[in-house]
Amino acid sequence: MASSSAGFVTALTTAALATVGVLGYQAYATAPAKARADGTPAAVTSKVLRQKKDPTALPAASSTGARVVYSLDSDRVWLVSTGDVVTRTFKVTPGNVDPAPGVYAVTSRSNAITGTDGIPVEHVVRFASGADGVAIGFSAPVQDPAPLATSDTVLTGGIRESREDGNAMWTFAMIGAKVVVVH
């Protein structure tokens, strides 16, 4: 009788630990934004949950209010107006310097420049700096399609969008606008 009681207690303990582990993972995967050790805010989101439902759905833990949301894993941008209404979503092509996940603000804009890869771009919306001070921002090539010319020697923080999407970003993301970067 004592050995069957011990087996029953062991089975209950194992089931309880498994349940706590699953609940802990679910809480972590859907947790709101937290600050990283260096003080920079970091957003947490569950790519798995989003992709099961709709890969174009706004990430759950992407802040609130009017903002630009950029997913590093999905290479996708959402323009979100007040009331958490997605006004536009589109695919992008990132350079070889990514921003860290977190919350940023648009710091500068340029109507037309030449990117670090030598491609003429327009409607540049910058929001972060990466390795060696490389500016990170959204831009549209003047002539579609113009792929990002990346190499191991040129650091490029350009996140390329189509001209149509670039026009929408330019209209939406003024200086100070919130940009949320998630995985």
# chains A, B, ... in the order shown; residues from 1 in each chain; ligands from 1
>>> select_by_dssp(residues="range 47-131 of chain A", states="strand (DSSP E)", output="number ranges by chain")
A: 67-71, 76-81, 85-91, 93-94, 102-105, 108-114, 120-129
>>> closest_residue(among="A:Asn96, A:Gly158, A:Asp132, A:Thr89", to="Ile113 in chain A", atoms="only C-alpha atoms")
A:Gly158
>>> atom_distance(atom1="CA of Ser62 in chain A", atom2="CA of Ala140 in chain A")
23.8 Å
>>> select_by_dssp(residues="range 148-182 of chain A", states="helix (DSSP H, G or I)", output="list in words")
Arg163, Glu164, Asp165, Gly166, Asn167, Ala168, Met169, Trp170, Thr171 and Phe172 of chain A
>>> write_last_selection(atoms="all heavy atoms", output="PDB file, in the first residue's frame")
ATOM      1  N   ARG A 163       7.933  51.555 -53.016  1.00  0.00           N
ATOM      2  CA  ARG A 163       7.676  53.006 -53.074  1.00  0.00           C
ATOM      3  C   ARG A 163       6.297  53.339 -52.516  1.00  0.00           C
ATOM      4  O   ARG A 163       6.121  54.327 -51.811  1.00  0.00           O
ATOM      5  CB  ARG A 163       7.805  53.520 -54.511  1.00  0.00           C
ATOM      6  CG  ARG A 163       9.263  53.509 -54.980  1.00  0.00           C
ATOM      7  CD  ARG A 163       9.423  54.173 -56.304  1.00  0.00           C
ATOM      8  NE  ARG A 163       9.534  55.631 -56.084  1.00  0.00           N
ATOM      9  CZ  ARG A 163       9.543  56.506 -57.054  1.00  0.00           C
ATOM     10  NH1 ARG A 163       9.427  56.121 -58.303  1.00  0.00           N
ATOM     11  NH2 ARG A 163       9.659  57.789 -56.793  1.00  0.00           N
ATOM     12  N   GLU A 164       5.312  52.506 -52.828  1.00  0.00           N
ATOM     13  CA  GLU A 164       3.956  52.734 -52.322  1.00  0.00           C
ATOM     14  C   GLU A 164       3.929  52.649 -50.792  1.00  0.00           C
ATOM     15  O   GLU A 164       3.348  53.497 -50.116  1.00  0.00           O
ATOM     16  CB  GLU A 164       3.005  51.696 -52.938  1.00  0.00           C
ATOM     17  CG  GLU A 164       1.565  51.876 -52.548  1.00  0.00           C
ATOM     18  CD  GLU A 164       0.676  50.852 -53.244  1.00  0.00           C
ATOM     19  OE1 GLU A 164       0.626  50.836 -54.482  1.00  0.00           O
ATOM     20  OE2 GLU A 164       0.046  50.064 -52.505  1.00  0.00           O
ATOM     21  N   ASP A 165       4.586  51.616 -50.246  1.00  0.00           N
ATOM     22  CA  ASP A 165       4.651  51.480 -48.791  1.00  0.00           C
ATOM     23  C   ASP A 165       5.507  52.592 -48.182  1.00  0.00           C
ATOM     24  O   ASP A 165       5.204  53.095 -47.094  1.00  0.00           O
ATOM     25  CB  ASP A 165       5.199  50.104 -48.401  1.00  0.00           C
ATOM     26  CG  ASP A 165       4.267  48.972 -48.804  1.00  0.00           C
ATOM     27  OD1 ASP A 165       3.045  49.193 -48.846  1.00  0.00           O
ATOM     28  OD2 ASP A 165       4.772  47.867 -49.095  1.00  0.00           O
ATOM     29  N   GLY A 166       6.556  52.996 -48.887  1.00  0.00           N
ATOM     30  CA  GLY A 166       7.389  54.108 -48.427  1.00  0.00           C
ATOM     31  C   GLY A 166       6.607  55.409 -48.340  1.00  0.00           C
ATOM     32  O   GLY A 166       6.794  56.204 -47.418  1.00  0.00           O
ATOM     33  N   ASN A 167       5.722  55.647 -49.295  1.00  0.00           N
ATOM     34  CA  ASN A 167       4.860  56.837 -49.246  1.00  0.00           C
ATOM     35  C   ASN A 167       3.950  56.797 -48.018  1.00  0.00           C
ATOM     36  O   ASN A 167       3.766  57.814 -47.333  1.00  0.00           O
ATOM     37  CB  ASN A 167       4.004  56.944 -50.510  1.00  0.00           C
ATOM     38  CG  ASN A 167       4.815  57.342 -51.722  1.00  0.00           C
ATOM     39  OD1 ASN A 167       5.882  57.930 -51.611  1.00  0.00           O
ATOM     40  ND2 ASN A 167       4.315  56.993 -52.897  1.00  0.00           N
ATOM     41  N   ALA A 168       3.394  55.616 -47.725  1.00  0.00           N
ATOM     42  CA  ALA A 168       2.527  55.478 -46.555  1.00  0.00           C
ATOM     43  C   ALA A 168       3.320  55.707 -45.269  1.00  0.00           C
ATOM     44  O   ALA A 168       2.859  56.403 -44.355  1.00  0.00           O
ATOM     45  CB  ALA A 168       1.876  54.097 -46.551  1.00  0.00           C
ATOM     46  N   MET A 169       4.527  55.148 -45.186  1.00  0.00           N
ATOM     47  CA  MET A 169       5.379  55.339 -44.009  1.00  0.00           C
ATOM     48  C   MET A 169       5.722  56.817 -43.843  1.00  0.00           C
ATOM     49  O   MET A 169       5.666  57.359 -42.734  1.00  0.00           O
ATOM     50  CB  MET A 169       6.666  54.512 -44.132  1.00  0.00           C
ATOM     51  CG  MET A 169       7.652  54.707 -42.993  1.00  0.00           C
ATOM     52  SD  MET A 169       7.121  54.007 -41.420  1.00  0.00           S
ATOM     53  CE  MET A 169       7.407  52.273 -41.755  1.00  0.00           C
ATOM     54  N   TRP A 170       6.090  57.476 -44.932  1.00  0.00           N
ATOM     55  CA  TRP A 170       6.473  58.889 -44.909  1.00  0.00           C
ATOM     56  C   TRP A 170       5.339  59.759 -44.357  1.00  0.00           C
ATOM     57  O   TRP A 170       5.563  60.664 -43.564  1.00  0.00           O
ATOM     58  CB  TRP A 170       6.859  59.329 -46.317  1.00  0.00           C
ATOM     59  CG  TRP A 170       7.336  60.734 -46.437  1.00  0.00           C
ATOM     60  CD1 TRP A 170       6.647  61.792 -46.961  1.00  0.00           C
ATOM     61  CD2 TRP A 170       8.607  61.247 -46.033  1.00  0.00           C
ATOM     62  NE1 TRP A 170       7.410  62.921 -46.912  1.00  0.00           N
ATOM     63  CE2 TRP A 170       8.634  62.627 -46.351  1.00  0.00           C
ATOM     64  CE3 TRP A 170       9.740  60.676 -45.454  1.00  0.00           C
ATOM     65  CZ2 TRP A 170       9.724  63.444 -46.101  1.00  0.00           C
ATOM     66  CZ3 TRP A 170      10.832  61.479 -45.200  1.00  0.00           C
ATOM     67  CH2 TRP A 170      10.819  62.851 -45.522  1.00  0.00           C
ATOM     68  N   THR A 171       4.121  59.470 -44.768  1.00  0.00           N
ATOM     69  CA  THR A 171       2.958  60.226 -44.310  1.00  0.00           C
ATOM     70  C   THR A 171       2.649  59.918 -42.841  1.00  0.00           C
ATOM     71  O   THR A 171       2.244  60.799 -42.089  1.00  0.00           O
ATOM     72  CB  THR A 171       1.733  59.876 -45.183  1.00  0.00           C
ATOM     73  OG1 THR A 171       2.040  60.193 -46.540  1.00  0.00           O
ATOM     74  CG2 THR A 171       0.500  60.636 -44.749  1.00  0.00           C
ATOM     75  N   PHE A 172       2.871  58.680 -42.429  1.00  0.00           N
ATOM     76  CA  PHE A 172       2.482  58.219 -41.096  1.00  0.00           C
ATOM     77  C   PHE A 172       3.502  58.563 -40.007  1.00  0.00           C
ATOM     78  O   PHE A 172       3.128  58.983 -38.914  1.00  0.00           O
ATOM     79  CB  PHE A 172       2.281  56.697 -41.137  1.00  0.00           C
ATOM     80  CG  PHE A 172       1.745  56.116 -39.862  1.00  0.00           C
ATOM     81  CD1 PHE A 172       0.382  56.076 -39.628  1.00  0.00           C
ATOM     82  CD2 PHE A 172       2.597  55.603 -38.905  1.00  0.00           C
ATOM     83  CE1 PHE A 172      -0.124  55.535 -38.447  1.00  0.00           C
ATOM     84  CE2 PHE A 172       2.110  55.061 -37.718  1.00  0.00           C
ATOM     85  CZ  PHE A 172       0.737  55.028 -37.496  1.00  0.00           C
TER      86      PHE A 172
END
>>> residues_around(residues="Val142 in chain A", least_positions_apart="4", cutoff="9 Å", atoms="only C-alpha atoms", output="PDB file with C-alpha atoms, in the first residue's frame")
ATOM      1  CA  ALA A 112      15.843  61.655 -50.863  1.00  0.00           C
ATOM      2  CA  ILE A 119      21.188  52.895 -54.092  1.00  0.00           C
ATOM      3  CA  PRO A 120      19.179  56.153 -54.359  1.00  0.00           C
ATOM      4  CA  VAL A 121      16.319  56.030 -51.833  1.00  0.00           C
ATOM      5  CA  GLU A 122      13.471  58.284 -50.822  1.00  0.00           C
ATOM      6  CA  ALA A 146      16.071  47.805 -56.329  1.00  0.00           C
ATOM      7  CA  ARG A 163       7.676  53.006 -53.074  1.00  0.00           C
TER       8      ARG A 163
END
